[in-house]
file upload-v5.txt (compact mmCIF, C-alpha atoms and all ligand atoms)
# COMPACT_ATOMS: atom_id res chain seq x y z
CA MET Q 164 -22.81 11.81 6.25
CA GLU Q 165 -19.04 11.65 6.94
CA GLN Q 166 -19.19 13.89 10.02
CA THR Q 167 -21.77 11.72 11.76
CA LYS Q 168 -19.57 8.58 11.77
CA LYS Q 169 -17.86 7.70 15.01
CA VAL Q 170 -14.07 7.78 14.94
CA MET Q 171 -11.63 4.93 15.64
CA LEU Q 172 -7.89 5.25 16.01
CA SER Q 173 -5.01 2.96 16.89
CA GLY Q 174 -1.32 2.39 16.30
CA ILE Q 175 1.34 -0.28 16.57
CA GLN Q 176 5.06 0.22 17.05
CA PRO Q 177 7.12 -1.01 14.07
CA SER Q 178 9.69 -2.35 16.50
CA GLY Q 179 9.36 -5.94 15.31
CA ASP Q 180 7.42 -8.11 12.90
CA LEU Q 181 3.65 -8.21 13.38
CA HIS Q 182 2.40 -11.36 15.08
CA LEU Q 183 -0.80 -13.27 15.76
CA GLY Q 184 -1.33 -11.36 19.04
CA ASN Q 185 -1.24 -8.04 17.21
CA TYR Q 186 -3.59 -9.40 14.56
CA LEU Q 187 -6.21 -10.99 16.83
CA GLY Q 188 -5.93 -8.39 19.60
CA ALA Q 189 -5.96 -5.35 17.38
CA ILE Q 190 -5.76 -5.32 13.57
CA LYS Q 191 -8.52 -7.85 12.85
CA ASN Q 192 -10.97 -5.65 14.72
CA TRP Q 193 -9.82 -2.57 12.90
CA ALA Q 194 -10.45 -4.13 9.49
CA GLU Q 195 -13.93 -5.28 10.49
CA ARG Q 196 -15.00 -1.76 11.46
CA ALA Q 197 -14.05 0.29 8.37
CA GLU Q 198 -17.62 0.83 7.13
CA GLU Q 199 -19.07 1.81 10.43
CA PHE Q 200 -16.36 4.21 11.61
CA ASP Q 201 -14.06 6.93 10.38
CA CYS Q 202 -10.75 5.12 10.96
CA TYR Q 203 -7.15 6.26 11.56
CA TYR Q 204 -4.32 3.75 11.93
CA PHE Q 205 -0.67 4.56 12.14
CA MET Q 206 2.83 3.17 12.46
CA ALA Q 207 3.99 4.41 15.89
CA ASP Q 208 7.62 4.92 14.82
CA MET Q 209 8.26 7.74 17.32
CA HIS Q 210 7.45 5.38 20.18
CA THR Q 211 9.94 2.75 19.01
CA ILE Q 212 13.01 4.89 19.77
CA THR Q 213 12.25 4.68 23.50
CA VAL Q 214 14.23 1.46 23.00
CA ARG Q 215 17.36 1.53 20.80
CA GLN Q 216 16.57 0.69 17.13
CA ASP Q 217 18.67 -0.08 14.10
CA PRO Q 218 17.77 2.81 11.70
CA ALA Q 219 17.69 0.75 8.49
CA ALA Q 220 15.60 -1.96 10.16
CA LEU Q 221 13.15 0.60 11.55
CA ARG Q 222 12.66 2.13 8.09
CA ARG Q 223 12.14 -1.30 6.53
CA ARG Q 224 9.74 -2.48 9.23
CA THR Q 225 7.66 0.69 9.04
CA LEU Q 226 6.94 0.04 5.36
CA GLU Q 227 6.43 -3.69 5.94
CA GLN Q 228 3.94 -2.87 8.65
CA LEU Q 229 2.04 -0.59 6.29
CA ALA Q 230 1.94 -3.36 3.64
CA GLN Q 231 0.71 -5.79 6.30
CA TYR Q 232 -1.98 -3.40 7.53
CA ILE Q 233 -3.34 -3.22 3.98
CA ALA Q 234 -3.04 -6.99 3.50
CA CYS Q 235 -5.00 -7.53 6.74
CA GLY Q 236 -7.91 -5.75 5.11
CA LEU Q 237 -7.32 -2.09 5.89
CA ASP Q 238 -8.28 -0.56 2.58
CA PRO Q 239 -6.44 2.81 2.24
CA GLU Q 240 -9.50 4.20 0.46
CA ARG Q 241 -11.61 3.64 3.55
CA ASN Q 242 -9.04 4.04 6.34
CA THR Q 243 -6.51 6.80 6.94
CA LEU Q 244 -3.14 5.02 7.16
CA PHE Q 245 -0.13 7.11 8.12
CA ILE Q 246 3.31 7.22 9.71
CA GLN Q 247 3.36 8.95 13.10
CA SER Q 248 6.58 10.93 12.52
CA HIS Q 249 5.05 12.51 9.39
CA ILE Q 250 2.65 14.48 11.56
CA PRO Q 251 4.60 16.96 13.75
CA ALA Q 252 1.44 17.64 15.77
CA HIS Q 253 2.01 14.37 17.66
CA ALA Q 254 5.28 15.63 19.15
CA GLU Q 255 3.82 19.11 19.68
CA LEU Q 256 0.72 17.97 21.55
CA GLY Q 257 2.85 15.33 23.28
CA TRP Q 258 4.91 18.11 24.89
CA VAL Q 259 1.83 19.99 26.04
CA LEU Q 260 0.25 16.86 27.52
CA ASN Q 261 3.49 16.01 29.32
CA CYS Q 262 2.78 19.10 31.38
CA TYR Q 263 -0.65 17.74 32.34
CA THR Q 264 0.54 14.23 33.23
CA MET Q 265 1.75 13.48 36.73
CA PHE Q 266 5.00 11.80 37.71
CA GLY Q 267 3.05 9.41 39.96
CA GLU Q 268 0.75 8.40 37.10
CA LEU Q 269 3.67 7.65 34.79
CA SER Q 270 5.42 5.69 37.54
CA ARG Q 271 2.48 3.31 37.79
CA MET Q 272 2.51 2.22 34.12
CA THR Q 273 3.26 -1.49 33.85
CA GLN Q 274 4.75 -1.13 30.35
CA PHE Q 275 7.32 1.30 31.80
CA LYS Q 276 8.10 -1.06 34.65
CA ASP Q 277 8.46 -4.03 32.27
CA LYS Q 278 10.55 -2.23 29.67
CA SER Q 279 12.81 -0.50 32.18
CA ALA Q 280 13.47 -3.88 33.79
CA LYS Q 281 14.29 -5.31 30.35
CA HIS Q 282 16.51 -2.41 29.20
CA LYS Q 283 18.34 -1.43 32.39
CA ASP Q 284 21.09 0.36 30.48
CA ASN Q 285 18.68 2.72 28.69
CA ILE Q 286 15.92 3.92 31.03
CA ASN Q 287 15.46 7.18 29.16
CA GLY Q 288 13.01 10.05 29.62
CA GLY Q 289 11.05 9.04 26.53
CA LEU Q 290 10.35 5.59 27.92
CA PHE Q 291 8.95 7.22 31.04
CA THR Q 292 6.84 9.91 29.34
CA TYR Q 293 5.70 7.64 26.49
CA PRO Q 294 2.05 7.60 27.71
CA ALA Q 295 1.79 11.38 27.25
CA LEU Q 296 2.83 10.97 23.60
CA MET Q 297 0.34 8.12 23.26
CA ALA Q 298 -2.36 10.37 24.73
CA ALA Q 299 -1.46 12.98 22.10
CA ASP Q 300 -1.59 10.35 19.33
CA ILE Q 301 -5.12 9.58 20.40
CA LEU Q 302 -6.61 12.92 21.45
CA LEU Q 303 -5.49 14.76 18.28
CA TYR Q 304 -8.07 12.79 16.30
CA GLN Q 305 -10.96 13.06 18.79
CA PRO Q 306 -11.76 9.33 18.50
CA ASP Q 307 -14.69 7.61 20.20
CA TYR Q 308 -12.86 4.26 20.41
CA VAL Q 309 -9.29 3.02 20.58
CA PRO Q 310 -9.16 -0.65 19.52
CA VAL Q 311 -6.24 -2.30 21.34
CA GLY Q 312 -5.33 -5.51 23.12
CA GLU Q 313 -5.81 -5.84 26.84
CA ASP Q 314 -2.21 -4.78 27.68
CA GLN Q 315 -2.87 -1.23 26.43
CA LYS Q 316 -5.92 -0.66 28.62
CA GLN Q 317 -3.87 1.11 31.30
CA HIS Q 318 -2.46 3.61 28.79
CA CYS Q 319 -5.95 4.23 27.41
CA GLU Q 320 -7.25 4.90 30.89
CA LEU Q 321 -4.46 7.39 31.53
CA THR Q 322 -5.34 9.08 28.23
CA ARG Q 323 -8.91 9.48 29.50
CA ASP Q 324 -7.67 10.95 32.78
CA ILE Q 325 -5.44 13.43 30.94
CA ALA Q 326 -8.31 14.46 28.63
CA ILE Q 327 -10.70 14.91 31.55
CA ARG Q 328 -8.11 16.95 33.46
CA PHE Q 329 -7.43 19.20 30.47
CA ASN Q 330 -11.15 19.65 29.70
CA HIS Q 331 -11.78 20.50 33.33
CA ILE Q 332 -9.35 23.43 33.12
CA TYR Q 333 -10.05 24.68 29.57
CA GLY Q 334 -13.55 23.51 28.63
CA ASP Q 335 -14.50 20.84 26.10
CA VAL Q 336 -11.33 20.46 24.04
CA PHE Q 337 -10.94 16.69 23.82
CA LYS Q 338 -13.38 13.89 23.29
CA VAL Q 339 -12.82 11.34 26.08
CA PRO Q 340 -12.25 8.05 24.21
CA GLU Q 341 -12.91 4.50 25.27
CA PRO Q 342 -10.65 1.49 24.77
CA TYR Q 343 -12.24 -1.13 22.53
CA ILE Q 344 -11.02 -4.58 23.52
CA PRO Q 345 -12.16 -7.69 21.60
CA LYS Q 346 -13.83 -10.62 23.36
CA ALA Q 347 -11.79 -13.34 21.65
CA GLY Q 348 -8.11 -12.63 21.08
CA ALA Q 349 -7.72 -9.72 23.52
CA ARG Q 350 -4.82 -11.49 25.15
CA VAL Q 351 -3.12 -14.15 23.08
CA MET Q 352 -0.57 -15.93 25.25
CA GLY Q 353 2.81 -17.29 24.19
CA LEU Q 354 2.79 -20.85 22.81
CA THR Q 355 5.81 -21.83 24.88
CA ALA Q 356 4.83 -19.86 28.00
CA PRO Q 357 1.05 -19.48 28.32
CA GLU Q 358 1.45 -17.38 31.46
CA SER Q 359 2.81 -14.39 29.51
CA LYS Q 360 1.40 -12.64 26.44
CA MET Q 361 2.55 -13.64 22.98
CA SER Q 362 5.36 -11.24 22.21
CA LYS Q 363 8.04 -10.89 19.57
CA SER Q 364 10.62 -10.94 22.38
CA ILE Q 365 9.98 -14.70 22.79
CA PRO Q 366 10.06 -15.77 19.10
CA GLU Q 367 9.71 -19.56 19.72
CA GLY Q 368 6.29 -18.95 21.26
CA CYS Q 369 5.25 -16.28 18.80
CA VAL Q 370 3.59 -16.78 15.40
CA PHE Q 371 4.50 -14.04 12.95
CA LEU Q 372 2.09 -12.98 10.21
CA MET Q 373 4.72 -13.48 7.51
CA GLU Q 374 5.93 -16.84 8.75
CA LYS Q 375 6.02 -19.90 6.47
CA PRO Q 376 3.17 -22.44 7.02
CA GLU Q 377 5.57 -25.24 8.00
CA ASP Q 378 7.18 -23.06 10.67
CA ILE Q 379 3.77 -22.07 12.03
CA GLN Q 380 2.67 -25.71 12.20
CA ARG Q 381 5.89 -26.68 13.99
CA LYS Q 382 5.27 -24.00 16.65
CA PHE Q 383 1.71 -25.22 17.23
CA LYS Q 384 2.76 -28.86 17.45
CA ARG Q 385 5.31 -27.87 20.10
CA ALA Q 386 2.87 -25.62 21.97
CA ILE Q 387 2.82 -26.21 25.71
CA THR Q 388 -0.45 -27.82 26.68
CA ASP Q 389 -0.63 -28.88 30.27
CA SER Q 390 1.06 -31.12 32.71
CA ASP Q 391 -2.19 -32.87 33.62
CA THR Q 392 -2.79 -36.33 32.27
CA GLU Q 393 -6.35 -35.58 31.23
CA ASN Q 394 -5.47 -34.99 27.56
CA CYS Q 395 -8.89 -33.46 27.01
CA VAL Q 396 -9.84 -30.24 25.22
CA ARG Q 397 -11.73 -28.36 27.89
CA PHE Q 398 -11.82 -24.59 28.61
CA ASP Q 399 -10.31 -24.15 32.07
CA PRO Q 400 -7.87 -21.22 32.06
CA ALA Q 401 -6.91 -21.65 35.72
CA SER Q 402 -5.71 -25.23 35.58
CA LYS Q 403 -5.22 -25.60 31.79
CA PRO Q 404 -3.85 -22.24 30.58
CA GLY Q 405 -2.08 -23.70 27.53
CA VAL Q 406 -5.21 -25.42 26.23
CA ALA Q 407 -7.33 -22.36 27.04
CA ASN Q 408 -4.96 -20.20 24.99
CA LEU Q 409 -5.13 -22.57 22.00
CA MET Q 410 -8.93 -22.64 22.30
CA ASN Q 411 -8.96 -18.87 22.43
CA ILE Q 412 -6.86 -18.67 19.25
CA TYR Q 413 -9.01 -21.28 17.50
CA ALA Q 414 -12.19 -19.44 18.55
CA ALA Q 415 -10.81 -16.13 17.28
CA VAL Q 416 -9.82 -17.48 13.84
CA THR Q 417 -12.84 -19.74 13.25
CA GLY Q 418 -15.58 -17.80 15.08
CA LYS Q 419 -16.54 -20.99 16.97
CA SER Q 420 -17.62 -20.93 20.62
CA PHE Q 421 -15.72 -22.80 23.35
CA ALA Q 422 -18.60 -25.28 23.65
CA GLU Q 423 -18.45 -26.00 19.91
CA ILE Q 424 -14.69 -26.51 20.12
CA GLU Q 425 -15.00 -28.88 23.08
CA ALA Q 426 -17.59 -30.89 21.13
CA GLU Q 427 -15.47 -30.91 17.96
CA PHE Q 428 -12.48 -32.46 19.77
CA ALA Q 429 -14.33 -34.62 22.29
CA GLY Q 430 -12.35 -37.80 22.88
CA GLN Q 431 -9.53 -36.77 20.50
CA GLY Q 432 -6.85 -35.36 22.79
CA TYR Q 433 -4.16 -32.74 22.21
CA GLY Q 434 -2.47 -34.69 19.44
CA LYS Q 435 -5.35 -33.90 17.08
CA PHE Q 436 -6.22 -30.52 18.55
CA LYS Q 437 -2.84 -28.75 18.26
CA PRO Q 438 -2.29 -29.32 14.52
CA ALA Q 439 -5.93 -28.38 13.86
CA VAL Q 440 -5.36 -25.01 15.51
CA GLY Q 441 -2.13 -24.66 13.51
CA GLU Q 442 -3.97 -25.41 10.27
CA ALA Q 443 -6.74 -22.90 11.02
CA VAL Q 444 -4.16 -20.21 11.77
CA ILE Q 445 -2.18 -21.05 8.61
CA GLU Q 446 -5.29 -20.71 6.46
CA THR Q 447 -6.17 -17.39 8.12
CA LEU Q 448 -2.69 -16.00 7.56
CA ARG Q 449 -2.00 -17.40 4.07
CA PRO Q 450 -3.90 -14.74 2.06
CA ILE Q 451 -2.49 -12.00 4.30
CA ARG Q 452 1.09 -13.11 3.72
CA GLU Q 453 0.65 -13.46 -0.03
CA GLU Q 454 -1.04 -10.09 -0.36
CA ALA Q 455 1.53 -8.32 1.86
CA GLN Q 456 4.39 -9.65 -0.28
CA LYS Q 457 2.73 -8.27 -3.42
CA ILE Q 458 2.06 -4.88 -1.86
CA LEU Q 459 5.55 -4.58 -0.43
CA ALA Q 460 7.05 -5.02 -3.88
CA ASP Q 461 5.27 -1.86 -5.05
CA LYS Q 462 7.14 0.91 -3.25
CA ALA Q 463 5.50 3.69 -5.29
CA TYR Q 464 2.06 2.49 -4.21
CA LEU Q 465 3.10 2.38 -0.55
CA GLU Q 466 4.48 5.90 -0.83
CA SER Q 467 1.23 7.14 -2.35
CA VAL Q 468 -0.70 5.55 0.54
CA TYR Q 469 1.33 7.07 3.35
CA LYS Q 470 1.49 10.47 1.67
CA ALA Q 471 -2.28 10.65 1.19
CA GLY Q 472 -2.74 9.34 4.74
CA ALA Q 473 -0.44 12.01 6.18
CA GLU Q 474 -2.32 14.74 4.36
CA LYS Q 475 -5.68 13.65 5.76
CA ALA Q 476 -4.29 13.00 9.26
CA ALA Q 477 -2.44 16.34 9.41
CA TYR Q 478 -5.61 18.24 8.61
CA VAL Q 479 -7.50 16.73 11.54
CA ALA Q 480 -4.52 16.79 13.93
CA ASN Q 481 -3.63 20.42 13.26
CA LYS Q 482 -7.17 21.53 13.94
CA THR Q 483 -7.03 20.03 17.45
CA LEU Q 484 -3.49 21.33 18.04
CA ARG Q 485 -4.49 24.91 17.12
CA LYS Q 486 -7.34 24.74 19.58
CA VAL Q 487 -5.05 23.46 22.35
CA TYR Q 488 -2.40 26.13 21.70
CA LYS Q 489 -5.05 28.81 21.86
CA LYS Q 490 -6.51 27.43 25.10
CA VAL Q 491 -3.17 27.26 26.91
CA GLY Q 492 -2.30 30.82 25.85
CA PHE Q 493 0.27 30.54 23.06
CA VAL Q 494 0.34 33.52 20.63
CA PRO Q 495 -0.87 32.32 17.20
CA ALA Q 496 1.93 32.20 14.59
CA ARG Q 497 -0.37 33.64 11.93
P1 LIG Q 501 6.24 -6.31 22.62
O1 LIG Q 501 6.49 -7.63 22.01
O2 LIG Q 501 7.42 -5.39 22.62
O3 LIG Q 501 5.51 -6.38 23.93
P2 LIG Q 501 3.93 -6.19 21.09
O4 LIG Q 501 4.21 -7.29 20.18
O5 LIG Q 501 3.03 -6.37 22.26
O6 LIG Q 501 5.27 -5.57 21.63
P3 LIG Q 501 2.74 -3.69 20.54
O7 LIG Q 501 3.20 -2.67 19.56
O8 LIG Q 501 3.00 -3.41 21.98
O9 LIG Q 501 3.36 -5.06 20.17
O10 LIG Q 501 1.18 -3.97 20.38
C1 LIG Q 501 0.41 -3.60 19.27
C2 LIG Q 501 -1.05 -3.95 19.50
O11 LIG Q 501 -1.22 -5.35 19.57
C3 LIG Q 501 -1.63 -3.38 20.78
O12 LIG Q 501 -2.97 -2.99 20.57
C4 LIG Q 501 -1.56 -4.54 21.72
O13 LIG Q 501 -2.53 -4.45 22.73
C5 LIG Q 501 -1.84 -5.71 20.80
N1 LIG Q 501 -1.18 -6.92 21.28
C6 LIG Q 501 0.14 -7.14 21.41
N2 LIG Q 501 0.40 -8.38 21.87
C7 LIG Q 501 -0.81 -8.96 22.03
C8 LIG Q 501 -1.24 -10.25 22.49
N3 LIG Q 501 -0.36 -11.17 22.84
N4 LIG Q 501 -2.55 -10.52 22.53
C9 LIG Q 501 -3.46 -9.58 22.15
N5 LIG Q 501 -3.14 -8.35 21.72
C10 LIG Q 501 -1.85 -8.03 21.66
N1 LIG Q 502 1.36 1.95 23.09
C1 LIG Q 502 0.98 1.09 22.02
C2 LIG Q 502 1.21 1.65 20.65
C3 LIG Q 502 0.56 2.97 20.50
C4 LIG Q 502 -0.85 3.22 20.42
C5 LIG Q 502 -0.98 4.63 20.28
C6 LIG Q 502 -1.98 2.40 20.44
C7 LIG Q 502 1.18 4.16 20.43
N2 LIG Q 502 0.26 5.17 20.29
C8 LIG Q 502 -2.23 5.22 20.18
C9 LIG Q 502 -3.23 3.01 20.34
C10 LIG Q 502 -3.35 4.40 20.21
C11 LIG Q 502 1.78 -0.20 22.20
O1 LIG Q 502 2.85 -0.19 22.72
N3 LIG Q 502 1.21 -1.24 21.74
call {"tool": "encode", "arguments": {"input": "upload-v5.txt", "output": "structure tokens"}}
result
Amino acid sequence: MEQTKKVMLSGIQPSGDLHLGNYLGAIKNWAERAEEFDCYYFMADMHTITVRQDPAALRRRTLEQLAQYIACGLDPERNTLFIQSHIPAHAELGWVLNCYTMFGELSRMTQFKDKSAKHKDNINGGLFTYPALMAADILLYQPDYVPVGEDQKQHCELTRDIAIRFNHIYGDVFKVPEPYIPKAGARVMGLTAPESKMSKSIPEGCVFLMEKPEDIQRKFKRAITDSDTENCVRFDPASKPGVANLMNIYAAVTGKSFAEIEAEFAGQGYGKFKPAVGEAVIETLRPIREEAQKILADKAYLESVYKAGAEKAAYVANKTLRKVYKKVGFVPAR
């Protein structure tokens, strides 16, 4: 039975607190798929050091992220949850795949362009070759789908190209995975700047999963709507990006369609709409926050989860790595 299930895998960098964009774009979809798929989710701690991190904060955030994954509905009994740096095969396959990834391809990655513009004093080799490590993260587990937000599509496509290139030389080594991008919530925009994605780097426009209800409501009440005088809840991303973003968030947390939302707020204006979205988000996040706080207090439990996860992940990852080493011509160690 187990072997016939399709495989899903994804990761998030513990470089900041998880936010509504991460939840709606990625984690929510992971939790909804646990029955149907064989699922692997990890804390991408190795990726975070492409940008300078405070060591104590990174350690703390990695465990917080694990507690939040579980609180978002990722049951460790049904999902393999692990910490990337616990599985040496990621770095090992990452090196191999670096040698099958082209300079030109890496130069075209928008995340590299964005982050190197943001951190001009630290444009390191890791930041540049990051997509080869991400390809290794993925291909080690032979997944069918990689559930991510829209911004990671380019990295997923490069992963496919690397897999196809490798398979072309050595035969069928890797499954070629597909990105899995949700319809609602794929790109949650910032509340203060609806032209750019919600990101922890602009905290005023970002709703964090662990944030207090009153702070969340304040952010929604201050959300940028639009400069038009229409004051009408209507889905029109081109001329009303702020309202479209709030509608998108409301749709993702309530499951309502845009037409239903327009009908619900007909004749009521933004003054009613914004706090209603805030309230819906607060009620979605409340159980997650309470559960995460409980889980985080139990360090022994968290340790048991990531240890069991690493054991299961290492088994699968090492199998792929052995195959790759053999294909490229390395002498087996034993
Ligand atoms: P940063 O703030 O540094 O850009 P981030 O908050 O985007 O980072 P990531 O670790 O890059 O966090 O993203 C984790 C996952 O969440 C990825 O699958 C990504 O596509 C998704 N994601 C991140 N931000 C959003 C967003 N605003 N809307 C939808 N999905 C998002
Ligand atoms: N690049 C992703 C995080 C990430 C990831 C992965 C996502 C690292 N490895 C493997 C999916 C699969 C990011 O920056 N959000």
call {"tool": "residues_around", "arguments": {"input": "upload-v5.txt", "residues": "segment 178-185 of chain Q", "least_positions_apart": "4", "cutoff": "9 Å", "atoms": "all atoms listed in the file", "output": "PyMOL selection string"}}
result
chain Q and resi 189-191+207-208+210-212+214+216+220-221+224-225+227-228+231+311-312+348-353+360-364+369-373+412+444+448
call {"tool": "atom_distance", "arguments": {"input": "upload-v5.txt", "atom1": "atom CA of Thr213 of chain Q", "atom2": "atom CA of Gly288 of chain Q"}}
result
8.2 Å
call {"tool": "closest_atom_pairs", "arguments": {"input": "upload-v5.txt", "of": "chain Q", "to": "ligand LIG 502 (chain Q)", "cutoff": "8 Å", "atoms": "only C-alpha atoms and all ligand atoms", "output": "Markdown table"}}
result
| residue | atom | partner | partner_atom | distance |
| --- | --- | --- | --- | --- |
| Q:Leu172 | CA | Q:LIG502 | C10 | 6.2 |
| Q:Ser173 | CA | Q:LIG502 | C9 | 3.9 |
| Q:Gly174 | CA | Q:LIG502 | C6 | 4.2 |
| Q:Ile175 | CA | Q:LIG502 | C2 | 4.5 |
| Q:Gln176 | CA | Q:LIG502 | C2 | 5.5 |
| Q:Ala207 | CA | Q:LIG502 | C7 | 5.3 |
| Q:His210 | CA | Q:LIG502 | C7 | 6.4 |
| Q:Gln274 | CA | Q:LIG502 | O1 | 7.9 |
| Q:Tyr293 | CA | Q:LIG502 | N1 | 7.9 |
| Q:Pro294 | CA | Q:LIG502 | N1 | 7.3 |
| Q:Leu296 | CA | Q:LIG502 | N2 | 7.2 |
| Q:Met297 | CA | Q:LIG502 | N2 | 4.2 |
| Q:Ala298 | CA | Q:LIG502 | C8 | 6.9 |
| Q:Asp300 | CA | Q:LIG502 | C8 | 5.2 |
| Q:Ile301 | CA | Q:LIG502 | C8 | 5.2 |
| Q:Val309 | CA | Q:LIG502 | C9 | 6.1 |
| Q:Pro310 | CA | Q:LIG502 | C9 | 7.0 |
| Q:Val311 | CA | Q:LIG502 | C9 | 6.2 |
| Q:Gly312 | CA | Q:LIG502 | N3 | 7.9 |
| Q:Asp314 | CA | Q:LIG502 | N3 | 7.7 |
| Q:Gln315 | CA | Q:LIG502 | N3 | 6.2 |
| Q:His318 | CA | Q:LIG502 | N1 | 7.1 |
| Q:Cys319 | CA | Q:LIG502 | C10 | 7.7 |
call {"tool": "atom_distance", "arguments": {"input": "upload-v5.txt", "atom1": "atom CA of Tyr232 of chain Q", "atom2": "atom P1 of ligand LIG 501 (chain Q)"}}
result
17.4 Å
call {"tool": "atom_distance", "arguments": {"input": "upload-v5.txt", "atom1": "atom CA of Leu459 of chain Q", "atom2": "atom CA of Ile250 of chain Q"}}
result
22.7 Å
call {"tool": "closest_residue", "arguments": {"input": "upload-v5.txt", "among": "Q:Glu358, Q:Asp378, Q:Asp461, Q:Asp217", "to": "ligand LIG 501 (chain Q)", "atoms": "all atoms listed in the file"}}
result
Q:Glu358
call {"tool": "residues_near_point", "arguments": {"input": "upload-v5.txt", "point": "(-3.9, 20.7, 19.8)", "cutoff": "12 Å", "atoms": "only C-alpha atoms", "output": "PDB file with C-alpha atoms, in the coordinates of the input"}}
result
ATOM      1  CA  PRO Q 251       4.600  16.960  13.750  1.00  0.00           C
ATOM      2  CA  ALA Q 252       1.440  17.640  15.770  1.00  0.00           C
ATOM      3  CA  HIS Q 253       2.010  14.370  17.660  1.00  0.00           C
ATOM      4  CA  ALA Q 254       5.280  15.630  19.150  1.00  0.00           C
ATOM      5  CA  GLU Q 255       3.820  19.110  19.680  1.00  0.00           C
ATOM      6  CA  LEU Q 256       0.720  17.970  21.550  1.00  0.00           C
ATOM      7  CA  GLY Q 257       2.850  15.330  23.280  1.00  0.00           C
ATOM      8  CA  TRP Q 258       4.910  18.110  24.890  1.00  0.00           C
ATOM      9  CA  VAL Q 259       1.830  19.990  26.040  1.00  0.00           C
ATOM     10  CA  LEU Q 260       0.250  16.860  27.520  1.00  0.00           C
ATOM     11  CA  ALA Q 298      -2.360  10.370  24.730  1.00  0.00           C
ATOM     12  CA  ALA Q 299      -1.460  12.980  22.100  1.00  0.00           C
ATOM     13  CA  ASP Q 300      -1.590  10.350  19.330  1.00  0.00           C
ATOM     14  CA  ILE Q 301      -5.120   9.580  20.400  1.00  0.00           C
ATOM     15  CA  LEU Q 302      -6.610  12.920  21.450  1.00  0.00           C
ATOM     16  CA  LEU Q 303      -5.490  14.760  18.280  1.00  0.00           C
ATOM     17  CA  TYR Q 304      -8.070  12.790  16.300  1.00  0.00           C
ATOM     18  CA  GLN Q 305     -10.960  13.060  18.790  1.00  0.00           C
ATOM     19  CA  ALA Q 326      -8.310  14.460  28.630  1.00  0.00           C
ATOM     20  CA  PHE Q 329      -7.430  19.200  30.470  1.00  0.00           C
ATOM     21  CA  VAL Q 336     -11.330  20.460  24.040  1.00  0.00           C
ATOM     22  CA  PHE Q 337     -10.940  16.690  23.820  1.00  0.00           C
ATOM     23  CA  ALA Q 477      -2.440  16.340   9.410  1.00  0.00           C
ATOM     24  CA  TYR Q 478      -5.610  18.240   8.610  1.00  0.00           C
ATOM     25  CA  VAL Q 479      -7.500  16.730  11.540  1.00  0.00           C
ATOM     26  CA  ALA Q 480      -4.520  16.790  13.930  1.00  0.00           C
ATOM     27  CA  ASN Q 481      -3.630  20.420  13.260  1.00  0.00           C
ATOM     28  CA  LYS Q 482      -7.170  21.530  13.940  1.00  0.00           C
ATOM     29  CA  THR Q 483      -7.030  20.030  17.450  1.00  0.00           C
ATOM     30  CA  LEU Q 484      -3.490  21.330  18.040  1.00  0.00           C
ATOM     31  CA  ARG Q 485      -4.490  24.910  17.120  1.00  0.00           C
ATOM     32  CA  LYS Q 486      -7.340  24.740  19.580  1.00  0.00           C
ATOM     33  CA  VAL Q 487      -5.050  23.460  22.350  1.00  0.00           C
ATOM     34  CA  TYR Q 488      -2.400  26.130  21.700  1.00  0.00           C
ATOM     35  CA  LYS Q 489      -5.050  28.810  21.860  1.00  0.00           C
ATOM     36  CA  LYS Q 490      -6.510  27.430  25.100  1.00  0.00           C
ATOM     37  CA  VAL Q 491      -3.170  27.260  26.910  1.00  0.00           C
ATOM     38  CA  GLY Q 492      -2.300  30.820  25.850  1.00  0.00           C
ATOM     39  CA  PHE Q 493       0.270  30.540  23.060  1.00  0.00           C
TER      40      PHE Q 493
END
call {"tool": "closest_residue", "arguments": {"input": "upload-v5.txt", "among": "Q:Thr167, Q:Arg223, Q:Leu237, Q:Ile424", "to": "Glu454 of chain Q", "atoms": "all atoms listed in the file"}}
result
Q:Leu237
call {"tool": "closest_residue", "arguments": {"input": "upload-v5.txt", "among": "Q:Arg222, Q:His249, Q:His282, Q:Arg241", "to": "ligand LIG 501 (chain Q)", "atoms": "all atoms listed in the file"}}
result
Q:His282
call {"tool": "residues_near_point", "arguments": {"input": "upload-v5.txt", "point": "(-7.9, 1.4, 3.9)", "cutoff": "10 Å", "atoms": "only C-alpha atoms", "output": "ChimeraX atom specification"}}
result
/Q:194,197,202-204,232-244,468,472
call {"tool": "write_last_selection", "arguments": {"input": "upload-v5.txt", "atoms": "C-alpha atoms", "output": "mmCIF file, keeping the file's coordinate frame"}}
result
data_model
loop_
_atom_site.group_PDB
_atom_site.id
_atom_site.type_symbol
_atom_site.label_atom_id
_atom_site.label_comp_id
_atom_site.auth_asym_id
_atom_site.auth_seq_id
_atom_site.Cartn_x
_atom_site.Cartn_y
_atom_site.Cartn_z
ATOM 1 C CA ALA Q 194 -10.450 -4.130 9.490
ATOM 2 C CA ALA Q 197 -14.050 0.290 8.370
ATOM 3 C CA CYS Q 202 -10.750 5.120 10.960
ATOM 4 C CA TYR Q 203 -7.150 6.260 11.560
ATOM 5 C CA TYR Q 204 -4.320 3.750 11.930
ATOM 6 C CA TYR Q 232 -1.980 -3.400 7.530
ATOM 7 C CA ILE Q 233 -3.340 -3.220 3.980
ATOM 8 C CA ALA Q 234 -3.040 -6.990 3.500
ATOM 9 C CA CYS Q 235 -5.000 -7.530 6.740
ATOM 10 C CA GLY Q 236 -7.910 -5.750 5.110
ATOM 11 C CA LEU Q 237 -7.320 -2.090 5.890
ATOM 12 C CA ASP Q 238 -8.280 -0.560 2.580
ATOM 13 C CA PRO Q 239 -6.440 2.810 2.240
ATOM 14 C CA GLU Q 240 -9.500 4.200 0.460
ATOM 15 C CA ARG Q 241 -11.610 3.640 3.550
ATOM 16 C CA ASN Q 242 -9.040 4.040 6.340
ATOM 17 C CA THR Q 243 -6.510 6.800 6.940
ATOM 18 C CA LEU Q 244 -3.140 5.020 7.160
ATOM 19 C CA VAL Q 468 -0.700 5.550 0.540
ATOM 20 C CA GLY Q 472 -2.740 9.340 4.740
#
